[in-house]
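File shown: final.pdb (PDB, C-alpha atoms).
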```pdb
MODEL        1
ATOM      1  CA  GLU A  18      -3.568 -37.031 -69.085
ATOM      2  CA  ASN A  19      -7.336 -36.793 -68.703
ATOM      3  CA  GLY A  20     -10.158 -35.478 -70.828
ATOM      4  CA  SER A  21      -9.605 -31.805 -70.008
ATOM      5  CA  ARG A  22      -5.848 -31.380 -69.586
ATOM      6  CA  THR A  23      -2.458 -32.836 -70.458
ATOM      7  CA  LEU A  24       0.558 -32.974 -68.142
ATOM      8  CA  ARG A  25       3.855 -32.357 -69.948
ATOM      9  CA  HIS A  26       7.364 -32.519 -68.465
ATOM     10  CA  TYR A  27      10.296 -30.432 -69.687
ATOM     11  CA  GLU A  28      13.796 -29.730 -68.412
ATOM     12  CA  ASN A  29      13.413 -28.259 -64.890
ATOM     13  CA  TYR A  30       9.645 -27.628 -65.161
ATOM     14  CA  SER A  31       6.271 -29.195 -65.983
ATOM     15  CA  VAL A  32       2.960 -27.816 -67.241
ATOM     16  CA  ALA A  33      -0.684 -28.861 -67.164
ATOM     17  CA  VAL A  34      -2.200 -27.814 -70.496
ATOM     18  CA  SER A  35      -5.899 -26.955 -70.562
ATOM     19  CA  LYS A  36      -7.558 -28.266 -73.695
ATOM     20  CA  GLN A  37     -10.377 -25.763 -73.194
ATOM     21  CA  TYR A  38      -8.220 -22.635 -72.912
ATOM     22  CA  ARG A  39      -5.339 -23.961 -75.050
ATOM     23  CA  THR A  40      -2.850 -22.676 -72.514
ATOM     24  CA  SER A  41      -1.369 -24.139 -69.360
ATOM     25  CA  LEU A  42      -3.275 -23.933 -66.111
ATOM     26  CA  PHE A  43       0.048 -23.877 -64.305
ATOM     27  CA  ALA A  44       3.780 -24.346 -64.745
ATOM     28  CA  ALA A  45       5.705 -25.947 -61.868
ATOM     29  CA  LEU A  46       9.369 -24.935 -61.891
ATOM     30  CA  ASN A  47      12.386 -25.806 -59.767
ATOM     31  CA  ILE A  48      15.045 -23.081 -59.615
ATOM     32  CA  ASP A  49      18.648 -23.740 -58.594
ATOM     33  CA  GLN A  50      20.320 -20.441 -57.682
ATOM     34  CA  ASP A  51      23.827 -21.918 -57.567
ATOM     35  CA  PRO A  52      25.818 -19.375 -59.640
ATOM     36  CA  ASP A  53      27.721 -22.209 -61.309
ATOM     37  CA  LYS A  54      24.389 -23.560 -62.614
ATOM     38  CA  LEU A  55      22.154 -20.496 -63.058
ATOM     39  CA  GLN A  56      23.907 -18.320 -65.596
ATOM     40  CA  THR A  57      22.767 -15.978 -68.343
ATOM     41  CA  THR A  58      21.905 -18.323 -71.216
ATOM     42  CA  HIS A  59      20.452 -17.442 -74.592
ATOM     43  CA  ALA A  60      17.966 -19.653 -76.380
ATOM     44  CA  THR A  61      18.965 -21.158 -79.708
ATOM     45  CA  LYS A  62      15.384 -22.046 -80.646
ATOM     46  CA  GLY A  63      12.374 -19.778 -80.997
ATOM     47  CA  TRP A  64       8.744 -20.224 -80.042
ATOM     48  CA  ARG A  65       7.256 -23.430 -81.433
ATOM     49  CA  GLN A  66       4.423 -25.874 -80.929
ATOM     50  CA  ASP A  67       4.872 -29.009 -78.871
ATOM     51  CA  GLU A  68       3.850 -31.805 -81.214
ATOM     52  CA  ILE A  69       3.445 -34.244 -78.329
ATOM     53  CA  VAL A  70       0.687 -32.084 -76.835
ATOM     54  CA  GLY A  71      -0.880 -31.324 -80.212
ATOM     55  CA  GLY A  72      -1.210 -28.026 -82.033
ATOM     56  CA  GLU A  73      -4.971 -27.906 -81.503
ATOM     57  CA  TYR A  74      -4.359 -27.380 -77.774
ATOM     58  CA  GLN A  75      -1.923 -24.472 -78.140
ATOM     59  CA  LEU A  76      -2.273 -20.817 -79.107
ATOM     60  CA  ASN A  77       0.198 -20.215 -81.918
ATOM     61  CA  ASN A  78       1.816 -16.997 -83.096
ATOM     62  CA  ASP A  79      -1.391 -15.776 -84.762
ATOM     63  CA  TYR A  80      -2.695 -14.859 -81.305
ATOM     64  CA  TYR A  81       0.369 -12.742 -80.479
ATOM     65  CA  SER A  82       0.985 -11.097 -83.835
ATOM     66  CA  LYS A  83       0.321  -7.422 -84.622
ATOM     67  CA  ASN A  84      -1.250  -6.642 -81.249
ATOM     68  CA  HIS A  85      -0.302  -5.682 -77.684
ATOM     69  CA  TRP A  86      -0.112  -9.248 -76.361
ATOM     70  CA  ASP A  87       3.208 -10.859 -75.506
ATOM     71  CA  LYS A  88       4.038 -14.537 -75.251
ATOM     72  CA  GLY A  89       4.371 -14.398 -71.479
ATOM     73  CA  HIS A  90       6.507 -17.188 -70.059
ATOM     74  CA  LEU A  91       4.841 -19.096 -67.222
ATOM     75  CA  ALA A  92       8.182 -20.747 -66.417
ATOM     76  CA  PRO A  93      10.654 -17.898 -67.102
ATOM     77  CA  ASP A  94      13.555 -18.734 -69.395
ATOM     78  CA  ALA A  95      16.054 -16.922 -67.163
ATOM     79  CA  SER A  96      14.934 -18.977 -64.147
ATOM     80  CA  ALA A  97      14.500 -22.352 -65.835
ATOM     81  CA  GLY A  98      17.726 -22.255 -67.847
ATOM     82  CA  TRP A  99      20.045 -23.763 -65.226
ATOM     83  CA  GLY A 100      22.168 -26.897 -65.282
ATOM     84  CA  GLU A 101      25.564 -28.474 -64.752
ATOM     85  CA  SER A 102      26.874 -27.559 -68.210
ATOM     86  CA  GLU A 103      26.346 -25.030 -70.991
ATOM     87  CA  GLU A 104      24.726 -27.729 -73.111
ATOM     88  CA  VAL A 105      22.183 -28.513 -70.382
ATOM     89  CA  ARG A 106      21.500 -24.831 -69.717
ATOM     90  CA  VAL A 107      20.822 -24.138 -73.402
ATOM     91  CA  ALA A 108      18.521 -27.161 -73.644
ATOM     92  CA  ALA A 109      16.623 -26.041 -70.528
ATOM     93  CA  THR A 110      16.290 -22.498 -71.871
ATOM     94  CA  ASN A 111      15.064 -23.787 -75.244
ATOM     95  CA  ASP A 112      12.458 -25.895 -73.471
ATOM     96  CA  THR A 113      10.761 -22.736 -72.191
ATOM     97  CA  TYR A 114       9.969 -21.641 -75.759
ATOM     98  CA  TYR A 115       7.093 -24.015 -76.395
ATOM     99  CA  TYR A 116       3.663 -22.449 -76.792
ATOM    100  CA  THR A 117       2.532 -24.659 -73.912
ATOM    101  CA  ASN A 118       4.591 -22.326 -71.695
ATOM    102  CA  ALA A 119       3.170 -19.114 -73.166
ATOM    103  CA  SER A 120       0.185 -17.133 -71.961
ATOM    104  CA  LEU A 121      -1.435 -13.961 -73.266
ATOM    105  CA  GLN A 122       0.164 -11.112 -71.308
ATOM    106  CA  HIS A 123      -0.152  -7.455 -72.234
ATOM    107  CA  LYS A 124       3.269  -6.055 -73.125
ATOM    108  CA  ASN A 125       3.036  -3.353 -70.426
ATOM    109  CA  PHE A 126       2.374  -6.049 -67.844
ATOM    110  CA  ASN A 127       4.842  -8.657 -69.065
ATOM    111  CA  ARG A 128       7.721  -6.200 -69.443
ATOM    112  CA  ASP A 129       7.067  -4.322 -66.211
ATOM    113  CA  GLU A 130       5.454  -5.634 -63.021
ATOM    114  CA  TRP A 131       5.583  -9.300 -64.026
ATOM    115  CA  ARG A 132       9.207  -9.220 -65.184
ATOM    116  CA  ASP A 133      10.260  -7.464 -61.979
ATOM    117  CA  LEU A 134       8.567 -10.136 -59.868
ATOM    118  CA  GLU A 135      10.292 -12.899 -61.843
ATOM    119  CA  ALA A 136      13.695 -11.255 -61.299
ATOM    120  CA  TRP A 137      13.038 -10.732 -57.586
ATOM    121  CA  ILE A 138      12.234 -14.431 -57.145
ATOM    122  CA  ARG A 139      15.221 -15.549 -59.223
ATOM    123  CA  THR A 140      17.610 -13.542 -57.040
ATOM    124  CA  LEU A 141      15.782 -14.163 -53.769
ATOM    125  CA  GLU A 142      18.065 -13.895 -50.736
ATOM    126  CA  HIS A 143      15.657 -15.196 -48.087
ATOM    127  CA  ASP A 144      16.369 -18.868 -48.796
ATOM    128  CA  SER A 145      19.188 -20.927 -47.291
ATOM    129  CA  THR A 146      19.622 -23.718 -49.862
ATOM    130  CA  ASP A 147      19.754 -21.850 -53.206
ATOM    131  CA  LYS A 148      16.698 -23.838 -54.253
ATOM    132  CA  ILE A 149      13.225 -22.430 -54.910
ATOM    133  CA  SER A 150      10.076 -24.143 -56.153
ATOM    134  CA  GLU A 151       7.649 -21.978 -58.105
ATOM    135  CA  ILE A 152       4.155 -22.558 -59.473
ATOM    136  CA  THR A 153       2.717 -20.020 -61.912
ATOM    137  CA  GLY A 154      -0.571 -19.882 -63.755
ATOM    138  CA  PRO A 155      -3.253 -17.707 -65.344
ATOM    139  CA  ILE A 156      -6.405 -16.526 -63.605
ATOM    140  CA  PHE A 157      -9.653 -16.701 -65.554
ATOM    141  CA  GLY A 158     -12.806 -14.951 -64.372
ATOM    142  CA  GLU A 159     -16.238 -13.777 -65.368
ATOM    143  CA  HIS A 160     -14.975 -10.651 -67.120
ATOM    144  CA  ASP A 161     -12.084 -12.021 -69.175
ATOM    145  CA  ARG A 162     -11.343 -10.395 -72.499
ATOM    146  CA  ILE A 163     -11.164 -12.378 -75.715
ATOM    147  CA  ILE A 164      -8.962 -12.290 -78.795
ATOM    148  CA  HIS A 165     -10.100 -13.505 -82.197
ATOM    149  CA  PRO A 166      -7.420 -13.543 -84.912
ATOM    150  CA  PRO A 167      -8.701 -13.822 -88.491
ATOM    151  CA  GLY A 168      -9.323 -17.421 -89.439
ATOM    152  CA  ARG A 169      -8.759 -18.683 -85.897
ATOM    153  CA  ASP A 170     -11.002 -19.650 -83.003
ATOM    154  CA  LEU A 171     -11.385 -17.034 -80.303
ATOM    155  CA  ALA A 172      -9.259 -17.366 -77.168
ATOM    156  CA  VAL A 173      -9.705 -16.086 -73.631
ATOM    157  CA  ILE A 174      -7.190 -13.567 -72.263
ATOM    158  CA  PRO A 175      -6.380 -14.180 -68.574
ATOM    159  CA  ALA A 176      -7.571 -11.522 -66.146
ATOM    160  CA  GLY A 177      -4.342 -11.967 -64.194
ATOM    161  CA  PHE A 178      -1.703 -14.402 -62.984
ATOM    162  CA  PHE A 179      -0.576 -16.046 -59.772
ATOM    163  CA  LYS A 180       2.780 -17.210 -58.460
ATOM    164  CA  VAL A 181       3.431 -19.441 -55.470
ATOM    165  CA  ILE A 182       7.016 -19.914 -54.286
ATOM    166  CA  ALA A 183       8.356 -22.232 -51.600
ATOM    167  CA  TYR A 184      11.835 -22.419 -50.094
ATOM    168  CA  ILE A 185      13.740 -23.187 -46.915
ATOM    169  CA  ASN A 186      14.388 -19.905 -45.120
ATOM    170  CA  LYS A 187      17.323 -18.753 -43.005
ATOM    171  CA  VAL A 188      15.963 -20.436 -39.866
ATOM    172  CA  ASN A 189      15.617 -23.764 -41.679
ATOM    173  CA  SER A 190      11.825 -23.613 -41.980
ATOM    174  CA  LEU A 191       9.620 -24.008 -45.035
ATOM    175  CA  GLU A 192       8.347 -20.627 -46.195
ATOM    176  CA  VAL A 193       5.658 -20.079 -48.809
ATOM    177  CA  ARG A 194       4.752 -16.801 -50.511
ATOM    178  CA  CYS A 195       1.895 -16.216 -52.915
ATOM    179  CA  PHE A 196       1.394 -13.372 -55.364
ATOM    180  CA  VAL A 197      -1.530 -12.334 -57.554
ATOM    181  CA  MET A 198      -1.189  -9.701 -60.271
ATOM    182  CA  CYS A 199      -4.107  -8.553 -62.412
ATOM    183  CA  GLN A 200      -3.972  -7.319 -65.984
ATOM    184  CA  ASP A 201      -6.049  -4.324 -64.997
ATOM    185  CA  ALA A 202      -6.011  -0.699 -66.107
ATOM    186  CA  ALA A 203      -3.376   0.278 -63.552
ATOM    187  CA  ALA A 204      -0.983  -2.434 -64.695
ATOM    188  CA  LEU A 205      -1.500  -1.820 -68.412
ATOM    189  CA  VAL A 206      -1.247   1.960 -68.472
ATOM    190  CA  ASP A 207       2.533   1.973 -68.958
ATOM    191  CA  ALA A 208       5.704  -0.039 -68.489
ATOM    192  CA  LYS A 209       7.308   2.140 -65.832
ATOM    193  CA  GLY A 210       5.772   0.830 -62.643
ATOM    194  CA  ILE A 211       7.641   0.150 -59.416
ATOM    195  CA  VAL A 212       6.688  -3.208 -57.953
ATOM    196  CA  ASP A 213       5.587  -3.288 -54.334
ATOM    197  CA  TYR A 214       5.665  -7.013 -53.636
ATOM    198  CA  GLN A 215       3.696  -6.713 -50.413
ATOM    199  CA  ARG A 216       0.863  -5.152 -52.381
ATOM    200  CA  TYR A 217       0.583  -8.257 -54.554
ATOM    201  CA  GLN A 218       1.225 -10.835 -51.858
ATOM    202  CA  VAL A 219      -1.851 -12.800 -50.748
ATOM    203  CA  PRO A 220      -2.611 -15.758 -48.455
ATOM    204  CA  ILE A 221      -2.200 -19.133 -50.144
ATOM    205  CA  SER A 222      -5.899 -19.783 -49.554
ATOM    206  CA  LYS A 223      -6.639 -17.094 -52.160
ATOM    207  CA  VAL A 224      -4.887 -19.041 -54.937
TER     208      VAL A 224
ENDMDL
END
```

Encoded form using structure tokens:
Amino acid sequence: ENGSRTLRHYENYSVAVSKQYRTSLFAALNIDQDPDKLQTTHATKGWRQDEIVGGEYQLNNDYYSKNHWDKGHLAPDASAGWGESEEVRVAATNDTYYYTNASLQHKNFNRDEWRDLEAWIRTLEHDSTDKISEITGPIFGEHDRIIHPPGRDLAVIPAGFFKVIAYINKVNSLEVRCFVMCQDAAALVDAKGIVDYQRYQVPISKV
């Protein structure tokens, strides 16, 4: 921990929480694609504050209520919820429902382009070890929007999000892919888009 951010470790992923933005600057996730470990698992706990981090550094449900903004997972529950047993998988899935792992994502973005990218990575067939490392975070810029719930401090809405994935490919070499998706007019117009991953892929130097 330092003066501007807090590092927090959960089951299968970690986050660096920005005290300024009250959201994580990134979530670093390890995915195990082994079908005996990565199975459909439902959370038994809902969204909640992480008391270790402190509620003053998290955006609670007031920021996501009665508007178009979803609690967008930085570390997706379906990707993080893996483990050797059902008990471990449920615990890992529950760990993704802390507000430290949520970011303001428009519903048409979160339930469309972003969700499709998450699923594509989770079922990636280009790797040779069934193991993928993923880093995800918000992008803040000069023209970010703000949200100001009644009785709460205003918060900045990310202009977009990035994902970096790394894995060992079929020729036993390290491969890295980077994606940037903006919450722009084209992405927010509806929830029926078809994701062209090459369109969103960028050099790692851009992240």

Report as a Markdown table: every residue of stretch 65-160 of chain A with an atom at most 6 Å from stretch 183-194 of chain A, its closest pair of atoms, and their distance in Å to one decimal, counting all atoms listed in the file, with rows sorted by chain and ascending residue number.
```
| residue | atom | partner | partner_atom | distance |
| --- | --- | --- | --- | --- |
| A:His143 | CA | A:Asn186 | CA | 5.7 |
| A:Asp144 | CA | A:Asn186 | CA | 4.3 |
| A:Ser145 | CA | A:Lys187 | CA | 5.2 |
| A:Ile149 | CA | A:Tyr184 | CA | 5.0 |
| A:Ser150 | CA | A:Ala183 | CA | 5.2 |
```

statement: Min atom-atom distance to A:Ala60 from the set A:Tyr74, A:Ser35, A:Ala109, A:Asp87, counting only C-alpha atoms, belongs to A:Ala109

field: Selection under test: the PyMOL selection byres ((chain A and resi 161-163) around 12); residues as JSON, numbers by chain
entry: {"A": [38, 80, 86, 121, 122, 123, 155, 156, 157, 158, 159, 160, 164, 165, 166, 170, 171, 172, 173, 174, 175, 176, 177, 199, 200, 201]}

task: Would you mind listing what lies within 8 Å of stretch 50-59 of chain A as number ranges by chain, with only C-alpha atoms counted and same-chain residues fewer than 3 positions away left out?
output: A: 95-96, 98-102, 106-107, 110, 139-140, 147-149

query: So how many Å separate atom CA of A:Ser82 and atom CA of A:Asp129, to one decimal?
result: 19.8 Å

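For the choices A:Val197, A:Leu46, A:Ile182, A:Leu91, the atom-to-atom distance to A:Trp137 is smallest for A:Ile182 when using all atoms listed in the file.
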
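Straight-line separation from atom CA of A:Phe43 to atom CA of A:Tyr30: 10.3 Å.
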
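Atom pair atom CA of A:Asn118 / atom CA of A:Asn77 has a distance of 11.3 Å (rounded to one decimal).
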
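Comparing the minimum interatomic distances between A:Pro167 and each of A:Lys223, A:Glu135, A:Asp79, A:Glu28, counting only C-alpha atoms, we find that A:Asp79 sits nearest.
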
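Using only C-alpha atoms, the shortest contact distance between A:Lys88 and any of A:Ser222, A:Thr113, A:Gln215, A:Gln37 is found at A:Thr113.
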
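Of the residues under consideration (A:Ala108, A:Tyr116, A:Asn47, A:Pro220), A:Tyr116 shows the shortest atom-to-atom contact distance to A:Glu68 when counting all atoms listed in the file.
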
Calculate, to one decimal in Å, the centre and edge lengths of the box along x, y and z of the file that holds all listed atoms of stretch 160-171 of chain A with 3 Å of margin on each side, and present them as AutoDock Vina command-line options.
```
--center_x -11.2 --center_y -15.0 --center_z -78.3 --size_x 13.6 --size_y 15.3 --size_z 28.3
```

Nearby residues (all atoms listed in the file) at most 12 Å from A:Ile69, same-chain spacing under 4 positions excluded, as a list in words: Glu18, Thr23, Leu24, Arg25, His26, Tyr27, Val34, Arg65, Glu73, Tyr74, Gln75, Tyr115, Tyr116 and Thr117 of chain A

Is it possible to dump stretch 165-199 of chain A as a PDB file, in the first residue's frame, including just N, CA and C atoms?
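Result saved to decode07.pdb:
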```
ATOM      1  N   HIS A 165     -23.028  11.678 -10.266  1.00  0.00           N
ATOM      2  CA  HIS A 165     -23.130  12.353  -8.968  1.00  0.00           C
ATOM      3  C   HIS A 165     -24.439  11.962  -8.296  1.00  0.00           C
ATOM      4  N   PRO A 166     -24.481  10.795  -7.638  1.00  0.00           N
ATOM      5  CA  PRO A 166     -25.705  10.389  -6.951  1.00  0.00           C
ATOM      6  C   PRO A 166     -26.044  11.355  -5.817  1.00  0.00           C
ATOM      7  N   PRO A 167     -27.314  11.514  -5.512  1.00  0.00           N
ATOM      8  CA  PRO A 167     -27.712  12.414  -4.420  1.00  0.00           C
ATOM      9  C   PRO A 167     -27.039  12.023  -3.109  1.00  0.00           C
ATOM     10  N   GLY A 168     -26.464  13.009  -2.453  1.00  0.00           N
ATOM     11  CA  GLY A 168     -25.837  12.768  -1.165  1.00  0.00           C
ATOM     12  C   GLY A 168     -24.485  12.106  -1.224  1.00  0.00           C
ATOM     13  N   ARG A 169     -23.944  11.907  -2.425  1.00  0.00           N
ATOM     14  CA  ARG A 169     -22.652  11.245  -2.577  1.00  0.00           C
ATOM     15  C   ARG A 169     -21.684  12.153  -3.325  1.00  0.00           C
ATOM     16  N   ASP A 170     -20.397  11.898  -3.164  1.00  0.00           N
ATOM     17  CA  ASP A 170     -19.398  12.618  -3.945  1.00  0.00           C
ATOM     18  C   ASP A 170     -19.470  12.175  -5.400  1.00  0.00           C
ATOM     19  N   LEU A 171     -19.125  13.078  -6.307  1.00  0.00           N
ATOM     20  CA  LEU A 171     -19.130  12.702  -7.714  1.00  0.00           C
ATOM     21  C   LEU A 171     -18.026  11.683  -7.995  1.00  0.00           C
ATOM     22  N   ALA A 172     -18.225  10.897  -9.033  1.00  0.00           N
ATOM     23  CA  ALA A 172     -17.249   9.886  -9.442  1.00  0.00           C
ATOM     24  C   ALA A 172     -17.023  10.003 -10.941  1.00  0.00           C
ATOM     25  N   VAL A 173     -15.852   9.610 -11.378  1.00  0.00           N
ATOM     26  CA  VAL A 173     -15.491   9.665 -12.791  1.00  0.00           C
ATOM     27  C   VAL A 173     -15.844   8.345 -13.461  1.00  0.00           C
ATOM     28  N   ILE A 174     -16.491   8.430 -14.619  1.00  0.00           N
ATOM     29  CA  ILE A 174     -16.841   7.249 -15.414  1.00  0.00           C
ATOM     30  C   ILE A 174     -15.726   7.002 -16.418  1.00  0.00           C
ATOM     31  N   PRO A 175     -15.145   5.804 -16.448  1.00  0.00           N
ATOM     32  CA  PRO A 175     -14.046   5.539 -17.388  1.00  0.00           C
ATOM     33  C   PRO A 175     -14.466   5.752 -18.839  1.00  0.00           C
ATOM     34  N   ALA A 176     -13.537   6.285 -19.626  1.00  0.00           N
ATOM     35  CA  ALA A 176     -13.790   6.470 -21.055  1.00  0.00           C
ATOM     36  C   ALA A 176     -13.736   5.141 -21.796  1.00  0.00           C
ATOM     37  N   GLY A 177     -13.070   4.168 -21.213  1.00  0.00           N
ATOM     38  CA  GLY A 177     -12.950   2.849 -21.838  1.00  0.00           C
ATOM     39  C   GLY A 177     -12.206   1.911 -20.916  1.00  0.00           C
ATOM     40  N   PHE A 178     -11.830   0.741 -21.475  1.00  0.00           N
ATOM     41  CA  PHE A 178     -11.163  -0.289 -20.689  1.00  0.00           C
ATOM     42  C   PHE A 178     -10.126  -1.003 -21.545  1.00  0.00           C
ATOM     43  N   PHE A 179      -9.119  -1.542 -20.867  1.00  0.00           N
ATOM     44  CA  PHE A 179      -8.102  -2.328 -21.564  1.00  0.00           C
ATOM     45  C   PHE A 179      -8.034  -3.731 -20.982  1.00  0.00           C
ATOM     46  N   LYS A 180      -7.582  -4.655 -21.810  1.00  0.00           N
ATOM     47  CA  LYS A 180      -7.269  -6.017 -21.378  1.00  0.00           C
ATOM     48  C   LYS A 180      -5.954  -6.433 -22.013  1.00  0.00           C
ATOM     49  N   VAL A 181      -5.096  -7.028 -21.210  1.00  0.00           N
ATOM     50  CA  VAL A 181      -3.855  -7.622 -21.698  1.00  0.00           C
ATOM     51  C   VAL A 181      -3.869  -9.087 -21.291  1.00  0.00           C
ATOM     52  N   ILE A 182      -3.678  -9.989 -22.246  1.00  0.00           N
ATOM     53  CA  ILE A 182      -3.627 -11.413 -21.923  1.00  0.00           C
ATOM     54  C   ILE A 182      -2.289 -11.985 -22.374  1.00  0.00           C
ATOM     55  N   ALA A 183      -1.809 -12.961 -21.616  1.00  0.00           N
ATOM     56  CA  ALA A 183      -0.546 -13.624 -21.932  1.00  0.00           C
ATOM     57  C   ALA A 183      -0.726 -15.126 -21.749  1.00  0.00           C
ATOM     58  N   TYR A 184      -0.131 -15.889 -22.648  1.00  0.00           N
ATOM     59  CA  TYR A 184      -0.254 -17.351 -22.590  1.00  0.00           C
ATOM     60  C   TYR A 184       0.858 -17.975 -23.418  1.00  0.00           C
ATOM     61  N   ILE A 185       1.054 -19.262 -23.240  1.00  0.00           N
ATOM     62  CA  ILE A 185       2.004 -20.020 -24.041  1.00  0.00           C
ATOM     63  C   ILE A 185       1.253 -20.593 -25.236  1.00  0.00           C
ATOM     64  N   ASN A 186       1.673 -20.227 -26.437  1.00  0.00           N
ATOM     65  CA  ASN A 186       0.928 -20.636 -27.630  1.00  0.00           C
ATOM     66  C   ASN A 186       1.288 -22.048 -28.088  1.00  0.00           C
ATOM     67  N   LYS A 187       0.761 -22.426 -29.233  1.00  0.00           N
ATOM     68  CA  LYS A 187       0.902 -23.805 -29.719  1.00  0.00           C
ATOM     69  C   LYS A 187       2.323 -24.157 -30.128  1.00  0.00           C
ATOM     70  N   VAL A 188       3.174 -23.159 -30.319  1.00  0.00           N
ATOM     71  CA  VAL A 188       4.575 -23.433 -30.668  1.00  0.00           C
ATOM     72  C   VAL A 188       5.483 -23.174 -29.463  1.00  0.00           C
ATOM     73  N   ASN A 189       4.870 -23.200 -28.284  1.00  0.00           N
ATOM     74  CA  ASN A 189       5.590 -23.111 -27.015  1.00  0.00           C
ATOM     75  C   ASN A 189       6.305 -21.765 -26.821  1.00  0.00           C
ATOM     76  N   SER A 190       5.700 -20.703 -27.324  1.00  0.00           N
ATOM     77  CA  SER A 190       6.252 -19.365 -27.159  1.00  0.00           C
ATOM     78  C   SER A 190       5.263 -18.493 -26.393  1.00  0.00           C
ATOM     79  N   LEU A 191       5.789 -17.524 -25.661  1.00  0.00           N
ATOM     80  CA  LEU A 191       4.929 -16.585 -24.952  1.00  0.00           C
ATOM     81  C   LEU A 191       4.263 -15.658 -25.958  1.00  0.00           C
ATOM     82  N   GLU A 192       2.957 -15.543 -25.870  1.00  0.00           N
ATOM     83  CA  GLU A 192       2.200 -14.654 -26.748  1.00  0.00           C
ATOM     84  C   GLU A 192       1.394 -13.684 -25.898  1.00  0.00           C
ATOM     85  N   VAL A 193       1.402 -12.432 -26.289  1.00  0.00           N
ATOM     86  CA  VAL A 193       0.687 -11.387 -25.563  1.00  0.00           C
ATOM     87  C   VAL A 193      -0.247 -10.668 -26.527  1.00  0.00           C
ATOM     88  N   ARG A 194      -1.480 -10.462 -26.098  1.00  0.00           N
ATOM     89  CA  ARG A 194      -2.449  -9.699 -26.897  1.00  0.00           C
ATOM     90  C   ARG A 194      -3.048  -8.612 -26.017  1.00  0.00           C
ATOM     91  N   CYS A 195      -3.262  -7.461 -26.621  1.00  0.00           N
ATOM     92  CA  CYS A 195      -3.796  -6.314 -25.890  1.00  0.00           C
ATOM     93  C   CYS A 195      -5.039  -5.795 -26.606  1.00  0.00           C
ATOM     94  N   PHE A 196      -6.023  -5.404 -25.828  1.00  0.00           N
ATOM     95  CA  PHE A 196      -7.275  -4.899 -26.376  1.00  0.00           C
ATOM     96  C   PHE A 196      -7.672  -3.612 -25.662  1.00  0.00           C
ATOM     97  N   VAL A 197      -8.214  -2.683 -26.407  1.00  0.00           N
ATOM     98  CA  VAL A 197      -8.753  -1.441 -25.852  1.00  0.00           C
ATOM     99  C   VAL A 197     -10.150  -1.253 -26.428  1.00  0.00           C
ATOM    100  N   MET A 198     -11.124  -1.066 -25.534  1.00  0.00           N
ATOM    101  CA  MET A 198     -12.497  -0.804 -25.951  1.00  0.00           C
ATOM    102  C   MET A 198     -12.971   0.474 -25.281  1.00  0.00           C
ATOM    103  N   CYS A 199     -13.538   1.379 -26.068  1.00  0.00           N
ATOM    104  CA  CYS A 199     -14.016   2.651 -25.541  1.00  0.00           C
ATOM    105  C   CYS A 199     -15.524   2.610 -25.303  1.00  0.00           C
TER     106      CYS A 199
END
```
